[in-house]
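Visitor: The following block contains the structure, expressed as structure tokens.
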Amino acid sequence: MAEVTDSSSKILWQSVAIRFGAALLLGYLLITGFAVCDKMRLGSIEKATASTAVGDNTFFPVPKSFDPSTPLANFDGHSLYFVDWSSLQDDRMLKQGMDDTNSFAVYKLDGAKGDEASAFFLKIKPAYYVKTKRQ
């Protein structure tokens with residue numbers, strides 16, 4: 001006995017299988033393209049910024065000859081003048097930005113009131129700062 005095969009149904013399923021395979025391949029190519037694009041932009045997508053002084057190892061270089069009437073640094077176009085030495089916890093210091101030369105960070109005391117609220121701090125070593133005022 002001879003088997004009867006329906007060649008039209010085989011051709012239909014082959015066409016569906018080819019379309020399904022092409023769709024899977026296109027999807028894979030799109031996902032790979034997006035992954036490569038994200039990997040190239042990774043530096044601009046993921047940035048870690050510290051808002052406190054914890055772990056900051058860029059210290060303000062204290063000059064050997066020290067004159068309180070001369071500015072220590074410039075921040076946002078204003079001069080910072082010496083007020084006092086301060087021993088404070090690094091986690092209480094909030095980063096305000098970098099000095100005008102972009103060499104070290106300038107901080108403010110978190111939760112400060114009164115005179116302390118207008119003071120800026122320059123880190124000279126862990127948990128030790130130069131308190132400055134802006135003029």
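Lettering and numbering for the structure tokens are positional, with chains as A, B, ... in the shown order, residues counted from 1 in each chain, and ligands counted from 1 in the shown order.
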Could you pull the residues within 10 Å of A:Thr70, counting only C-alpha atoms, minus those fewer than 2 positions along the same chain, as a list in words?
Guide: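 Listed by chain and then number, they are Phe66, Asp67, Pro68, Leu72, Ala73, Ser79, Leu80, Tyr81 and Phe82 of chain A.
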Visitor: Residues at most 10 Å from stretch 62-65 of chain A, counting only C-alpha atoms, excluding those fewer than 5 positions away in the same chain, as a ChimeraX atom specification?
Guide: /A:72,122-124,130
Visitor: Given the selection you just returned, output its residues as a file containing N, CA and C atoms, formatted as a JSON list (two decimals), in the first residue's frame.
Guide:
[["chain", "number", "residue", "atom", "x", "y", "z"],
["A", 72, "LEU", "N", 42.42, 81.14, 50.92],
["A", 72, "LEU", "CA", 42.95, 79.78, 50.80],
["A", 72, "LEU", "C", 42.62, 79.17, 49.45],
["A", 122, "LEU", "N", 37.13, 72.68, 54.00],
["A", 122, "LEU", "CA", 38.08, 72.04, 53.10],
["A", 122, "LEU", "C", 38.73, 70.90, 53.85],
["A", 123, "LYS", "N", 38.67, 69.70, 53.31],
["A", 123, "LYS", "CA", 39.19, 68.52, 53.98],
["A", 123, "LYS", "C", 40.71, 68.46, 53.85],
["A", 124, "ILE", "N", 41.41, 68.38, 55.01],
["A", 124, "ILE", "CA", 42.87, 68.32, 54.98],
["A", 124, "ILE", "C", 43.40, 66.93, 55.34],
["A", 130, "VAL", "N", 39.45, 72.48, 57.40],
["A", 130, "VAL", "CA", 39.69, 73.91, 57.56],
["A", 130, "VAL", "C", 38.34, 74.58, 57.36]]
Visitor: If you run DSSP on this backbone, which residues of chain A come out as strand (DSSP E), and could you give them as a VMD selection string?
Guide: chain A and resid 73 to 75 78 to 87 93 to 98 105 to 109 120 to 125 128 to 134
Visitor: I need the residue nearest A:Ala127 from this list: A:Arg41, A:His78, A:Arg19, A:Arg92. Use only C-alpha atoms for the distance.
Guide: A:Arg92
Visitor: Would you mind listing what lies within 12 Å of A:Ser86 as a list in words, with only C-alpha atoms counted and same-chain residues fewer than 6 positions away left out?
Guide: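 The contact residues come out as Met93, Leu109, Glu116, Ala119, Phe120, Phe121, Leu122, Lys123, Ile124, Lys125, Pro126, Ala127, Tyr128, Tyr129, Val130, Lys131 and Thr132 of chain A.
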Visitor: Just to be explicit: take each residue in the selection above, keep C-alpha atoms, and write the result as a CSV table (one decimal), in the first residue's frame.
Guide:
chain,number,residue,atom,x,y,z
A,93,MET,CA,29.9,66.8,55.6
A,109,LEU,CA,28.1,70.9,57.5
A,116,GLU,CA,28.0,77.3,60.8
A,119,ALA,CA,30.8,78.2,56.5
A,120,PHE,CA,32.6,76.1,53.9
A,121,PHE,CA,35.0,73.3,54.9
A,122,LEU,CA,38.1,72.0,53.1
A,123,LYS,CA,39.2,68.5,54.0
A,124,ILE,CA,42.9,68.3,55.0
A,125,LYS,CA,42.9,64.7,56.3
A,126,PRO,CA,40.2,62.2,57.4
A,127,ALA,CA,37.8,63.8,59.9
A,128,TYR,CA,39.8,67.1,60.0
A,129,TYR,CA,38.8,70.3,58.1
A,130,VAL,CA,39.7,73.9,57.6
A,131,LYS,CA,36.6,76.0,58.3
A,132,THR,CA,36.4,78.9,55.8
Visitor: Between atom CA of A:Ala117 and atom CA of A:Lys47, what is the distance, to one decimal in Å?
Guide: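 We find that atom CA of A:Ala117 and atom CA of A:Lys47 lie 28.6 Å from each other.
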